file data-v2.txt (compact mmCIF, C-alpha atoms and all ligand atoms)
# COMPACT_ATOMS: atom_id res chain seq x y z
CA MET C 1 39.34 -19.09 106.15
CA SER C 2 40.79 -18.38 102.77
CA GLU C 3 40.03 -15.19 100.94
CA VAL C 4 37.12 -15.18 98.49
CA ASP C 5 36.16 -12.66 95.81
CA GLU C 6 32.81 -10.92 95.28
CA TYR C 7 31.39 -14.03 93.57
CA GLY C 8 32.59 -16.42 96.25
CA PHE C 9 35.56 -17.85 94.39
CA ASN C 10 38.64 -18.72 96.38
CA VAL C 11 41.22 -16.14 95.35
CA ALA C 12 44.28 -18.37 95.76
CA ILE C 13 42.74 -21.26 93.79
CA GLN C 14 41.59 -18.90 91.07
CA GLU C 15 45.09 -17.51 90.72
CA LYS C 16 46.28 -21.07 90.28
CA ALA C 17 43.49 -21.70 87.75
CA ARG C 18 44.59 -18.66 85.78
CA ARG C 19 48.15 -19.94 85.50
CA TYR C 20 46.88 -23.42 84.65
CA LEU C 21 44.73 -22.04 81.83
CA ARG C 22 47.58 -19.94 80.48
CA GLU C 23 49.97 -22.87 80.38
CA LYS C 24 47.40 -25.04 78.65
CA ILE C 25 46.65 -22.42 76.00
CA LEU C 26 50.33 -21.75 75.33
CA LEU C 27 51.03 -25.44 75.00
CA ASN C 28 48.10 -25.90 72.62
CA LEU C 29 49.29 -23.03 70.46
CA PHE C 30 52.77 -24.48 70.42
CA GLU C 31 51.38 -27.88 69.46
CA LEU C 32 49.34 -26.38 66.63
CA THR C 33 52.39 -24.55 65.30
CA PHE C 34 54.57 -27.61 65.64
CA PHE C 35 52.25 -29.95 63.76
CA THR C 36 51.47 -27.40 61.07
CA PHE C 37 55.14 -27.00 60.28
CA ALA C 38 55.79 -30.71 60.67
CA ALA C 39 53.10 -31.47 58.08
CA LEU C 40 54.55 -28.94 55.66
CA PHE C 41 58.04 -30.25 56.33
CA VAL C 42 57.28 -33.89 55.58
CA VAL C 43 55.65 -33.09 52.24
CA PHE C 44 58.19 -30.42 51.26
CA SER C 45 61.17 -32.57 52.07
CA GLY C 46 59.65 -35.58 50.34
CA ILE C 47 59.63 -37.73 53.49
CA SER C 48 55.95 -38.48 53.06
CA GLN C 49 56.42 -39.38 49.39
CA ALA C 50 59.36 -41.61 50.35
CA LEU C 51 57.21 -43.39 52.92
CA ARG C 52 54.57 -43.96 50.25
CA ASN C 53 57.20 -45.43 47.91
CA TYR C 54 58.51 -47.59 50.69
CA ALA C 55 55.01 -48.88 51.43
CA LYS C 56 54.46 -49.47 47.72
CA SER C 57 57.58 -51.60 47.52
CA TYR C 58 55.86 -54.03 49.88
CA VAL C 59 52.37 -54.04 48.38
CA SER C 60 51.44 -52.52 45.07
CA ASP C 61 47.71 -52.64 45.70
CA PRO C 62 46.42 -49.23 46.94
CA TRP C 63 44.41 -50.76 49.82
CA GLY C 64 47.59 -52.47 50.96
CA TYR C 65 50.15 -49.70 50.70
CA ILE C 66 47.77 -47.15 52.19
CA ALA C 67 47.45 -49.43 55.22
CA VAL C 68 51.24 -49.70 55.54
CA TYR C 69 51.65 -45.93 55.12
CA CYS C 70 49.01 -45.24 57.77
CA LEU C 71 50.44 -47.72 60.22
CA ILE C 72 53.95 -46.26 60.07
CA GLY C 73 52.88 -42.65 59.57
CA TYR C 74 50.34 -42.67 62.36
CA THR C 75 52.75 -44.33 64.76
CA ILE C 76 55.36 -41.62 64.16
CA PHE C 77 52.70 -38.92 64.55
CA TRP C 78 51.44 -40.60 67.71
CA ILE C 79 54.88 -40.60 69.32
CA PHE C 80 55.19 -36.84 68.79
CA SER C 81 51.67 -36.16 69.92
CA LEU C 82 52.34 -38.31 72.99
CA ILE C 83 55.02 -35.85 74.02
CA PHE C 84 52.52 -32.99 73.86
CA LYS C 85 49.90 -35.04 75.61
CA PHE C 86 52.37 -35.94 78.31
CA LEU C 87 53.12 -32.27 78.88
CA GLY C 88 49.54 -31.03 78.71
CA ASN C 89 47.56 -34.00 79.83
CA TYR C 90 49.84 -35.47 82.44
CA LEU C 91 52.54 -33.10 83.61
CA ILE C 92 50.52 -29.87 83.84
CA GLU C 93 47.49 -31.70 85.24
CA HIS C 94 49.65 -33.17 87.97
CA LYS C 95 51.53 -29.98 88.63
CA TYR C 96 48.21 -28.29 89.39
CA GLY C 97 46.77 -31.31 91.13
CA VAL C 98 43.87 -31.79 88.71
CA SER C 99 44.86 -35.31 87.76
CA VAL C 100 45.79 -37.98 90.26
CA GLN C 101 46.23 -40.73 87.69
CA THR C 102 49.40 -42.78 87.95
CA LEU C 103 51.81 -42.71 85.03
CA SER C 104 51.30 -46.39 84.25
CA SER C 105 47.51 -45.99 84.21
CA TRP C 106 47.89 -42.93 82.01
CA LEU C 107 50.17 -44.77 79.62
CA LYS C 108 47.71 -47.64 79.51
CA ASP C 109 44.98 -45.18 78.51
CA GLN C 110 47.22 -43.73 75.82
CA ALA C 111 47.91 -47.20 74.46
CA LYS C 112 44.16 -47.84 74.32
CA ILE C 113 43.69 -44.55 72.50
CA TYR C 114 46.48 -45.49 70.07
CA VAL C 115 44.96 -48.86 69.22
CA GLY C 116 41.42 -47.49 69.15
CA THR C 117 42.28 -44.52 66.95
CA LEU C 118 44.25 -46.69 64.56
CA ALA C 119 41.44 -49.24 64.32
CA PHE C 120 39.06 -46.38 63.60
CA LEU C 121 41.32 -44.32 61.36
CA LEU C 122 42.58 -47.08 59.11
CA PRO C 123 39.22 -48.00 57.53
CA VAL C 124 38.25 -44.32 57.40
CA VAL C 125 41.39 -43.32 55.51
CA GLU C 126 41.08 -46.36 53.23
CA LEU C 127 37.51 -45.42 52.33
CA ILE C 128 38.34 -41.74 51.83
CA TYR C 129 41.17 -42.55 49.43
CA TYR C 130 39.02 -45.15 47.72
CA SER C 131 36.40 -42.49 47.06
CA MET C 132 39.18 -40.15 45.85
CA ARG C 133 40.20 -42.81 43.33
CA LYS C 134 36.66 -43.51 42.17
CA THR C 135 35.07 -40.05 42.34
CA PRO C 136 37.95 -37.55 42.43
CA THR C 137 35.69 -34.51 41.98
CA ILE C 138 33.09 -35.16 44.66
CA TRP C 139 34.99 -37.39 47.10
CA TRP C 140 34.75 -34.66 49.75
CA LEU C 141 30.94 -34.65 49.56
CA ILE C 142 30.79 -38.42 49.82
CA THR C 143 33.27 -38.40 52.70
CA TRP C 144 31.24 -35.73 54.42
CA PHE C 145 28.06 -37.76 54.13
CA PHE C 146 29.64 -40.79 55.77
CA THR C 147 31.36 -38.65 58.40
CA CYS C 148 27.95 -37.36 59.45
CA ILE C 149 26.68 -40.89 59.90
CA GLY C 150 29.87 -41.69 61.79
CA ILE C 151 29.46 -38.71 64.17
CA ALA C 152 25.87 -39.71 64.97
CA PHE C 153 26.84 -43.33 65.50
CA THR C 154 29.74 -42.41 67.79
CA MET C 155 27.49 -40.23 69.91
CA TYR C 156 25.08 -43.14 70.22
CA ILE C 157 27.66 -45.72 71.29
CA PHE C 158 29.92 -43.36 73.25
CA PRO C 159 28.45 -43.91 76.73
CA VAL C 160 28.02 -47.65 76.34
CA VAL C 161 31.13 -48.65 74.43
CA ILE C 162 33.79 -45.94 74.64
CA MET C 163 33.38 -44.50 78.16
CA PRO C 164 33.53 -47.92 79.91
CA LEU C 165 36.96 -48.43 78.34
CA PHE C 166 38.24 -45.62 80.52
CA TYR C 167 35.95 -45.52 83.55
CA LYS C 168 34.15 -48.08 85.65
CA PHE C 169 30.38 -47.81 85.92
CA GLU C 170 27.94 -49.26 88.36
CA PRO C 171 24.29 -48.53 89.02
CA LEU C 172 23.90 -45.87 91.69
CA LYS C 173 22.76 -47.23 95.06
CA ASP C 174 21.56 -44.03 96.74
CA LYS C 175 17.77 -44.59 96.51
CA GLU C 176 16.82 -41.09 97.57
CA LEU C 177 19.09 -39.42 95.04
CA ILE C 178 17.93 -41.72 92.23
CA GLU C 179 14.35 -40.87 93.04
CA ARG C 180 15.02 -37.15 93.06
CA LEU C 181 16.86 -37.30 89.73
CA VAL C 182 14.25 -39.50 88.08
CA ARG C 183 11.52 -37.16 89.32
CA LEU C 184 13.47 -34.22 87.91
CA ALA C 185 13.77 -35.98 84.55
CA GLU C 186 10.05 -36.71 84.56
CA LYS C 187 9.32 -33.07 85.29
CA ALA C 188 11.44 -32.21 82.25
CA LYS C 189 9.68 -34.95 80.25
CA VAL C 190 12.96 -36.68 79.42
CA LYS C 191 13.16 -40.45 79.49
CA VAL C 192 16.29 -41.86 81.12
CA VAL C 193 17.11 -45.54 81.38
CA GLY C 194 19.39 -45.51 84.38
CA VAL C 195 21.50 -43.62 86.87
CA TYR C 196 25.11 -44.73 87.07
CA LYS C 197 28.01 -44.02 89.34
CA MET C 198 31.20 -43.44 87.44
CA GLY C 199 34.52 -44.28 89.06
CA ALA C 200 36.65 -41.26 88.21
CA ALA C 201 38.47 -40.64 91.51
CA ALA C 202 41.39 -42.88 90.56
CA LYS C 203 42.15 -40.64 87.59
CA THR C 204 40.94 -37.14 88.20
CA ARG C 205 39.67 -34.77 90.85
CA ARG C 206 37.24 -33.26 88.39
CA ALA C 207 33.56 -33.63 89.16
CA ILE C 208 31.54 -34.98 86.26
CA GLY C 209 27.79 -35.13 85.94
CA ALA C 210 26.32 -35.96 82.57
CA LEU C 211 23.32 -37.13 80.66
CA THR C 212 24.68 -39.08 77.76
CA GLY C 213 23.55 -41.27 74.91
CA MET C 214 20.53 -41.19 72.69
CA GLY C 215 17.28 -43.13 72.80
CA ASN C 216 17.73 -46.25 74.85
CA THR C 217 21.36 -45.53 75.74
CA ARG C 218 20.36 -42.31 77.49
CA ARG C 219 21.60 -42.40 81.04
CA ILE C 220 22.61 -40.16 83.91
CA LEU C 221 26.27 -40.45 84.90
CA LEU C 222 27.56 -39.14 88.21
CA SER C 223 31.23 -39.38 89.01
CA ASP C 224 32.25 -40.44 92.52
CA THR C 225 34.11 -37.12 92.69
CA LEU C 226 30.75 -35.40 92.27
CA LEU C 227 28.82 -37.66 94.65
CA ASP C 228 31.39 -37.28 97.42
CA ASN C 229 31.68 -33.51 97.40
CA TYR C 230 28.34 -32.07 96.39
CA THR C 231 25.01 -31.78 98.17
CA LYS C 232 21.96 -33.46 96.70
CA ASP C 233 20.58 -30.05 95.77
CA GLU C 234 23.75 -29.28 93.85
CA ILE C 235 23.73 -32.63 92.08
CA GLU C 236 20.09 -32.05 91.16
CA GLY C 237 21.23 -28.76 89.66
CA VAL C 238 23.96 -30.41 87.60
CA ILE C 239 21.47 -32.88 86.17
CA GLY C 240 18.87 -30.14 85.72
CA HIS C 241 21.39 -28.35 83.53
CA GLU C 242 21.96 -31.52 81.51
CA LEU C 243 18.22 -31.96 81.13
CA GLY C 244 18.12 -28.44 79.75
CA HIS C 245 20.50 -29.55 77.00
CA HIS C 246 18.20 -32.41 76.09
CA VAL C 247 14.96 -30.48 76.23
CA HIS C 248 16.39 -27.82 73.93
CA LYS C 249 17.85 -30.50 71.62
CA HIS C 250 21.37 -29.17 72.00
CA ILE C 251 23.11 -32.37 70.98
CA GLY C 252 21.34 -32.22 67.63
CA LYS C 253 22.23 -28.54 67.22
CA ILE C 254 25.88 -29.12 68.07
CA MET C 255 25.90 -32.03 65.67
CA VAL C 256 24.55 -29.83 62.85
CA ALA C 257 27.18 -27.19 63.65
CA LEU C 258 29.92 -29.84 63.56
CA MET C 259 28.61 -31.16 60.27
CA ILE C 260 28.68 -27.71 58.69
CA ILE C 261 32.26 -27.18 59.88
CA MET C 262 33.16 -30.65 58.61
CA LEU C 263 31.74 -29.83 55.19
CA ILE C 264 33.75 -26.61 55.00
CA SER C 265 36.88 -28.46 56.21
CA LEU C 266 36.59 -31.18 53.60
CA TYR C 267 35.94 -28.66 50.85
CA LEU C 268 39.07 -26.76 51.87
CA VAL C 269 41.05 -30.02 52.04
CA ASN C 270 39.91 -30.72 48.49
CA LEU C 271 41.10 -27.28 47.38
CA ALA C 272 44.44 -27.66 49.16
CA LEU C 273 45.12 -31.13 47.76
CA ARG C 274 44.17 -30.06 44.24
CA ASN C 275 46.39 -27.02 44.29
CA SER C 276 49.36 -28.80 45.80
CA LEU C 277 49.60 -31.57 43.22
CA ASP C 278 52.48 -30.09 41.23
CA VAL C 279 54.11 -28.31 44.14
CA PHE C 280 54.87 -31.52 46.03
CA GLY C 281 54.97 -33.96 43.14
CA PHE C 282 51.96 -35.97 44.28
CA GLU C 283 50.71 -38.68 41.93
CA GLY C 284 47.17 -37.30 41.91
CA ILE C 285 44.61 -36.32 44.49
CA ALA C 286 44.30 -39.93 45.71
CA ASP C 287 48.00 -40.09 46.59
CA ILE C 288 48.28 -41.15 50.24
CA ALA C 289 51.47 -39.09 50.53
CA ASN C 290 49.25 -36.00 50.82
CA LEU C 291 47.74 -37.25 54.10
CA PRO C 292 49.82 -34.87 56.29
CA LEU C 293 48.38 -31.91 54.33
CA PHE C 294 44.92 -33.38 54.78
CA GLY C 295 45.40 -33.52 58.54
CA MET C 296 46.94 -30.07 58.64
CA VAL C 297 44.00 -28.40 56.90
CA ILE C 298 41.48 -30.15 59.16
CA ASN C 299 43.46 -29.07 62.22
CA LEU C 300 43.73 -25.45 61.04
CA VAL C 301 40.03 -25.22 60.24
CA ASN C 302 39.31 -26.59 63.71
CA TRP C 303 41.29 -23.77 65.24
CA VAL C 304 39.81 -21.08 63.08
CA SER C 305 36.28 -22.29 63.75
CA MET C 306 36.89 -22.65 67.48
CA PRO C 307 35.66 -19.17 68.49
CA VAL C 308 32.55 -19.61 66.36
CA LEU C 309 31.78 -23.03 67.76
CA ASN C 310 32.58 -21.91 71.30
CA SER C 311 30.34 -18.88 71.06
CA PHE C 312 27.54 -21.16 69.86
CA SER C 313 28.29 -23.60 72.67
CA ARG C 314 28.26 -20.84 75.30
CA ARG C 315 24.85 -19.75 74.07
CA LEU C 316 23.52 -23.27 74.50
CA GLU C 317 25.14 -23.59 77.94
CA ARG C 318 23.48 -20.38 79.03
CA GLN C 319 20.16 -21.70 77.82
CA ALA C 320 20.72 -24.91 79.82
CA ASP C 321 21.57 -22.81 82.90
CA GLU C 322 18.39 -20.80 82.47
CA TYR C 323 16.42 -24.01 82.12
CA GLU C 324 18.03 -25.48 85.22
CA LEU C 325 17.30 -22.39 87.31
CA LYS C 326 13.61 -22.60 86.40
CA LEU C 327 13.29 -26.39 86.64
CA VAL C 328 15.22 -27.00 89.86
CA ASP C 329 14.57 -23.56 91.33
CA LYS C 330 17.48 -23.66 93.74
CA PRO C 331 19.64 -20.71 92.66
CA GLU C 332 21.69 -20.74 95.87
CA ALA C 333 22.69 -24.34 95.20
CA PHE C 334 23.48 -23.31 91.62
CA ILE C 335 25.87 -20.65 92.88
CA SER C 336 27.55 -22.80 95.53
CA CYS C 337 27.87 -25.60 92.97
CA MET C 338 29.48 -23.25 90.44
CA VAL C 339 32.03 -22.09 93.00
CA LYS C 340 32.84 -25.67 93.92
CA ILE C 341 33.13 -26.84 90.30
CA CYS C 342 35.42 -23.97 89.32
CA ASN C 343 37.61 -24.60 92.34
CA GLN C 344 37.62 -28.36 92.01
CA ASN C 345 38.05 -28.51 88.23
CA LEU C 346 40.47 -25.59 88.36
CA ARG C 347 38.38 -23.53 85.98
CA TYR C 348 39.33 -19.89 85.81
CA ALA C 349 36.14 -17.98 86.54
CA ASN C 350 37.26 -14.52 85.60
CA PRO C 351 38.92 -14.64 82.17
CA HIS C 352 39.58 -11.74 79.87
CA PRO C 353 36.56 -11.44 77.51
CA LEU C 354 38.77 -12.28 74.52
CA ILE C 355 40.06 -15.45 76.17
CA GLU C 356 36.49 -16.39 77.03
CA ALA C 357 35.37 -15.70 73.47
CA PHE C 358 38.07 -17.86 71.95
CA PHE C 359 38.66 -20.72 74.36
CA TYR C 360 35.62 -21.08 76.63
CA ASP C 361 32.93 -23.53 75.58
CA HIS C 362 31.00 -22.68 78.75
CA PRO C 363 30.32 -19.17 80.01
CA SER C 364 32.87 -18.24 82.67
CA GLY C 365 31.98 -18.95 86.31
CA ARG C 366 31.54 -15.25 86.93
CA ASN C 367 28.99 -14.91 84.12
CA ARG C 368 27.09 -17.99 85.21
CA ILE C 369 26.80 -16.71 88.77
CA LYS C 370 25.65 -13.35 87.42
CA LEU C 371 22.87 -15.22 85.64
CA ALA C 372 21.78 -16.96 88.86
CA ARG C 373 21.83 -13.67 90.74
CA LYS C 374 19.65 -12.14 88.06
CA PHE C 375 17.25 -15.07 88.50
CA ILE C 376 17.11 -14.44 92.25
CA GLU C 377 16.44 -10.74 91.61
CA SER C 378 13.69 -11.50 89.11
CA LYS C 379 11.99 -13.77 91.65
CA LYS C 380 12.04 -11.01 94.23
CA THR C 381 10.38 -8.54 91.92
CA ALA C 382 7.88 -11.05 90.51
ZN ZN C 401 26.23 -27.92 79.77

call {"tool": "encode", "arguments": {"input": "data-v2.txt", "output": "structure tokens", "more": "lines below"}}
Ligand SMILES: [Zn+2]
result
Amino acid sequence: MSEVDEYGFNVAIQEKARRYLREKILLNLFELTFFTFAALFVVFSGISQALRNYAKSYVSDPWGYIAVYCLIGYTIFWIFSLIFKFLGNYLIEHKYGVSVQTLSSWLKDQAKIYVGTLAFLLPVVELIYYSMRKTPTIWWLITWFFTCIGIAFTMYIFPVVIMPLFYKFEPLKDKELIERLVRLAEKAKVKVVGVYKMGAAAKTRRAIGALTGMGNTRRILLSDTLLDNYTKDEIEGVIGHELGHHVHKHIGKIMVALMIIMLISLYLVNLALRNSLDVFGFEGIADIANLPLFGMVINLVNWVSMPVLNSFSRRLERQADEYELKLVDKPEAFISCMVKICNQNLRYANPHPLIEAFFYDHPSGRNRIKLARKFIESKKTA
């Protein structure tokens, strides 16, 4: 029997999880630094401006040369980001045995992401720069407004359009489990339109249980990696937690938080682009050559806002845990499930409070088990 700590976590696996987390964080920091300097470099050296001129020599119309610029620029960016993704998303995940995806399947996914992102990004960038040309003073407000609609729309179509591109889904066959989950949803007064099994085992060892979509795309997703390794009580707990998110309208709250951060980001982009006009010899705010700066500011704001957003997210996760404990009322299953998830998903359960504050969007395993223990105590005294 392998050694476990006071919370029940496997000591050896947790040590591995700690190293895994550290490598991921270091790589992310390196990536942030790299792309920040790369963005500054391409506008300082005039590479971006040269690419714009090159694109212009083909098509003089702004819609046209912006498309050419984006196509070439994004492809170069993608190649560099692929290197980082290969290290972080493939190599490290394999080294620690989290991912079992083959390289060819992984590359296929990356190609899909490339095409998908380009198809999405191209019209977005075109419209942003169009609004910069037409309304140079308030383009960021207009862009923000449409981004909000875009975020809501993406969340709506995500489970039905995006997820199936990467995972296979089929209706769950386990009658008893379906009944238990549907009954749980009814108890929480949440309408779900289906329970699906998600084929994740070919790609990852992570267990995934989710309640996704909005309105009539709302569905329960259970990965095969979850179904195969967890008891029905534990799975009920996972879905109980997800129901907690819905009952407390967390998706809406997260969306509002994202929108606020987006508004601040776009305002700061506007400031940065305005103040860099003369420095880099841009032809005005609507000059596509400033796109690397645009991306850089968004990326930096993302990082700076990460602890704020994560602290908000942890609060909501705690609320969902509290809801689950009351709704499902199986705290022992909650604890055993938490231990399994942290081990299986290689989540480090015992991080330094600062690491948790900055990087954890869920409370650490240790803190979540503490919550369940408190619940057990409160039931004893009640
Ligand atoms: Zn959650």

call {"tool": "closest_atom_pairs", "arguments": {"input": "data-v2.txt", "of": "chain C", "to": "ligand ZN 401 (chain C)", "cutoff": "12 Å", "atoms": "all atoms listed in the file", "output": "CSV"}}
result
residue,atom,partner,partner_atom,distance
C:Ile208,CA,C:ZN401,ZN,11.0
C:Gly209,CA,C:ZN401,ZN,9.6
C:Ala210,CA,C:ZN401,ZN,8.5
C:Leu211,CA,C:ZN401,ZN,9.7
C:Thr212,CA,C:ZN401,ZN,11.4
C:Gly237,CA,C:ZN401,ZN,11.1
C:Val238,CA,C:ZN401,ZN,8.5
C:Ile239,CA,C:ZN401,ZN,9.4
C:Gly240,CA,C:ZN401,ZN,9.7
C:His241,CA,C:ZN401,ZN,6.1
C:Glu242,CA,C:ZN401,ZN,5.8
C:Leu243,CA,C:ZN401,ZN,9.1
C:Gly244,CA,C:ZN401,ZN,8.1
C:His245,CA,C:ZN401,ZN,6.6
C:His246,CA,C:ZN401,ZN,9.9
C:His248,CA,C:ZN401,ZN,11.4
C:Lys249,CA,C:ZN401,ZN,12.0
C:His250,CA,C:ZN401,ZN,9.2
C:Ile251,CA,C:ZN401,ZN,10.3
C:Ile254,CA,C:ZN401,ZN,11.8
C:Ser313,CA,C:ZN401,ZN,8.6
C:Arg314,CA,C:ZN401,ZN,8.6
C:Arg315,CA,C:ZN401,ZN,10.1
C:Leu316,CA,C:ZN401,ZN,7.5
C:Glu317,CA,C:ZN401,ZN,4.8
C:Arg318,CA,C:ZN401,ZN,8.1
C:Gln319,CA,C:ZN401,ZN,8.9
C:Ala320,CA,C:ZN401,ZN,6.3
C:Asp321,CA,C:ZN401,ZN,7.6
C:Glu322,CA,C:ZN401,ZN,10.9
C:Tyr323,CA,C:ZN401,ZN,10.8
C:Glu324,CA,C:ZN401,ZN,10.1
C:Asp361,CA,C:ZN401,ZN,9.0
C:His362,CA,C:ZN401,ZN,7.2
C:Pro363,CA,C:ZN401,ZN,9.7
C:Arg368,CA,C:ZN401,ZN,11.4

call {"tool": "closest_atom_pairs", "arguments": {"input": "data-v2.txt", "of": "range 51-146 of chain C", "to": "range 263-286 of chain C", "cutoff": "12 Å", "atoms": "all atoms listed in the file", "output": "tab-separated table"}}
result
residue	atom	partner	partner_atom	distance
C:Arg52	CA	C:Phe282	CA	10.3
C:Asn53	CA	C:Glu283	CA	11.1
C:Pro62	CA	C:Ala286	CA	9.6
C:Trp63	CA	C:Ala286	CA	11.6
C:Ile66	CA	C:Ala286	CA	10.3
C:Val125	CA	C:Ala286	CA	10.8
C:Glu126	CA	C:Ala286	CA	10.4
C:Leu127	CA	C:Ala286	CA	11.0
C:Ile128	CA	C:Ala286	CA	8.7
C:Tyr129	CA	C:Ala286	CA	5.5
C:Tyr130	CA	C:Ala286	CA	7.7
C:Ser131	CA	C:Ala286	CA	8.4
C:Met132	CA	C:Ala286	CA	5.1
C:Arg133	CA	C:Ala286	CA	5.5
C:Lys134	CA	C:Ala286	CA	9.1
C:Thr135	CA	C:Ala286	CA	9.8
C:Pro136	CA	C:Ile285	CA	7.1
C:Thr137	CA	C:Asn270	CA	8.6
C:Ile138	CA	C:Asn270	CA	9.0
C:Trp139	CA	C:Asn270	CA	8.4
C:Trp140	CA	C:Leu266	CA	5.5
C:Leu141	CA	C:Leu263	CA	7.5
C:Ile142	CA	C:Leu266	CA	10.0
C:Thr143	CA	C:Leu266	CA	8.0
C:Trp144	CA	C:Leu263	CA	6.0
C:Phe145	CA	C:Leu263	CA	8.8
C:Phe146	CA	C:Leu263	CA	11.2

call {"tool": "residues_around", "arguments": {"input": "data-v2.txt", "residues": "Val59 in chain C", "least_positions_apart": "5", "cutoff": "9 Å", "atoms": "only C-alpha atoms", "output": "PyMOL selection string"}}
result
chain C and resi 64-65+68

call {"tool": "closest_residue", "arguments": {"input": "data-v2.txt", "among": "C:Met259, C:Ile369, C:Met296, C:Ala38", "to": "Ala349 in chain C", "atoms": "all atoms listed in the file"}}
result
C:Ile369

call {"tool": "residues_around", "arguments": {"input": "data-v2.txt", "residues": "Ile178 in chain C", "least_positions_apart": "6", "cutoff": "12 Å", "atoms": "all atoms listed in the file", "output": "list in words"}}
result
Pro171, Leu172, Leu184, Ala185, Val192, Val193, Gly194, Val195, Tyr196, Lys197, Arg219, Ile220, Leu221, Leu222, Leu227, Lys232, Ile235, Glu236 and Ile239 of chain C

call {"tool": "atom_distance", "arguments": {"input": "data-v2.txt", "atom1": "CA of Leu40 in chain C", "atom2": "CA of Leu293 in chain C"}}
result
7.0 Å

call {"tool": "residues_near_point", "arguments": {"input": "data-v2.txt", "point": "(57.0, -32.2, 56.1)", "cutoff": "12 Å", "atoms": "all atoms listed in the file", "output": "PDB file with C-alpha atoms, in the frame of the given file"}}
result
ATOM      1  CA  PHE C  34      54.570 -27.610  65.640  1.00  0.00           C
ATOM      2  CA  PHE C  35      52.250 -29.950  63.760  1.00  0.00           C
ATOM      3  CA  THR C  36      51.470 -27.400  61.070  1.00  0.00           C
ATOM      4  CA  PHE C  37      55.140 -27.000  60.280  1.00  0.00           C
ATOM      5  CA  ALA C  38      55.790 -30.710  60.670  1.00  0.00           C
ATOM      6  CA  ALA C  39      53.100 -31.470  58.080  1.00  0.00           C
ATOM      7  CA  LEU C  40      54.550 -28.940  55.660  1.00  0.00           C
ATOM      8  CA  PHE C  41      58.040 -30.250  56.330  1.00  0.00           C
ATOM      9  CA  VAL C  42      57.280 -33.890  55.580  1.00  0.00           C
ATOM     10  CA  VAL C  43      55.650 -33.090  52.240  1.00  0.00           C
ATOM     11  CA  PHE C  44      58.190 -30.420  51.260  1.00  0.00           C
ATOM     12  CA  SER C  45      61.170 -32.570  52.070  1.00  0.00           C
ATOM     13  CA  GLY C  46      59.650 -35.580  50.340  1.00  0.00           C
ATOM     14  CA  ILE C  47      59.630 -37.730  53.490  1.00  0.00           C
ATOM     15  CA  SER C  48      55.950 -38.480  53.060  1.00  0.00           C
ATOM     16  CA  GLN C  49      56.420 -39.380  49.390  1.00  0.00           C
ATOM     17  CA  ALA C  50      59.360 -41.610  50.350  1.00  0.00           C
ATOM     18  CA  LEU C  51      57.210 -43.390  52.920  1.00  0.00           C
ATOM     19  CA  GLY C  73      52.880 -42.650  59.570  1.00  0.00           C
ATOM     20  CA  PHE C  77      52.700 -38.920  64.550  1.00  0.00           C
ATOM     21  CA  PHE C 280      54.870 -31.520  46.030  1.00  0.00           C
ATOM     22  CA  ALA C 289      51.470 -39.090  50.530  1.00  0.00           C
ATOM     23  CA  ASN C 290      49.250 -36.000  50.820  1.00  0.00           C
ATOM     24  CA  LEU C 291      47.740 -37.250  54.100  1.00  0.00           C
ATOM     25  CA  PRO C 292      49.820 -34.870  56.290  1.00  0.00           C
ATOM     26  CA  LEU C 293      48.380 -31.910  54.330  1.00  0.00           C
ATOM     27  CA  GLY C 295      45.400 -33.520  58.540  1.00  0.00           C
ATOM     28  CA  MET C 296      46.940 -30.070  58.640  1.00  0.00           C
TER      29      MET C 296
END

call {"tool": "closest_residue", "arguments": {"input": "data-v2.txt", "among": "C:Ser81, C:Ser57, C:Asn367, C:Ser378", "to": "Ile335 in chain C", "atoms": "only C-alpha atoms"}}
result
C:Asn367

call {"tool": "build_atoms", "arguments": {"input": "data-v2.txt", "residues": "range 40-48 of chain C", "atoms": "N, CA and C atoms", "output": "JSON list (two decimals), keeping the file's coordinate frame"}}
result
[["chain", "number", "residue", "atom", "x", "y", "z"],
["C", 40, "LEU", "N", 53.95, -29.58, 56.83],
["C", 40, "LEU", "CA", 54.55, -28.94, 55.66],
["C", 40, "LEU", "C", 55.94, -29.52, 55.39],
["C", 41, "PHE", "N", 56.68, -29.74, 56.47],
["C", 41, "PHE", "CA", 58.04, -30.25, 56.33],
["C", 41, "PHE", "C", 58.07, -31.63, 55.67],
["C", 42, "VAL", "N", 57.20, -32.53, 56.12],
["C", 42, "VAL", "CA", 57.28, -33.89, 55.58],
["C", 42, "VAL", "C", 56.84, -33.98, 54.12],
["C", 43, "VAL", "N", 55.99, -33.06, 53.66],
["C", 43, "VAL", "CA", 55.65, -33.09, 52.24],
["C", 43, "VAL", "C", 56.64, -32.29, 51.39],
["C", 44, "PHE", "N", 57.19, -31.21, 51.97],
["C", 44, "PHE", "CA", 58.19, -30.42, 51.26],
["C", 44, "PHE", "C", 59.48, -31.20, 51.05],
["C", 45, "SER", "N", 59.89, -31.87, 52.12],
["C", 45, "SER", "CA", 61.17, -32.57, 52.07],
["C", 45, "SER", "C", 61.05, -33.90, 51.31],
["C", 46, "GLY", "N", 59.83, -34.32, 51.06],
["C", 46, "GLY", "CA", 59.65, -35.58, 50.34],
["C", 46, "GLY", "C", 59.64, -36.80, 51.25],
["C", 47, "ILE", "N", 59.64, -36.59, 52.57],
["C", 47, "ILE", "CA", 59.63, -37.73, 53.49],
["C", 47, "ILE", "C", 58.34, -38.54, 53.32],
["C", 48, "SER", "N", 57.23, -37.81, 53.20],
["C", 48, "SER", "CA", 55.95, -38.48, 53.06],
["C", 48, "SER", "C", 55.90, -39.30, 51.76]]
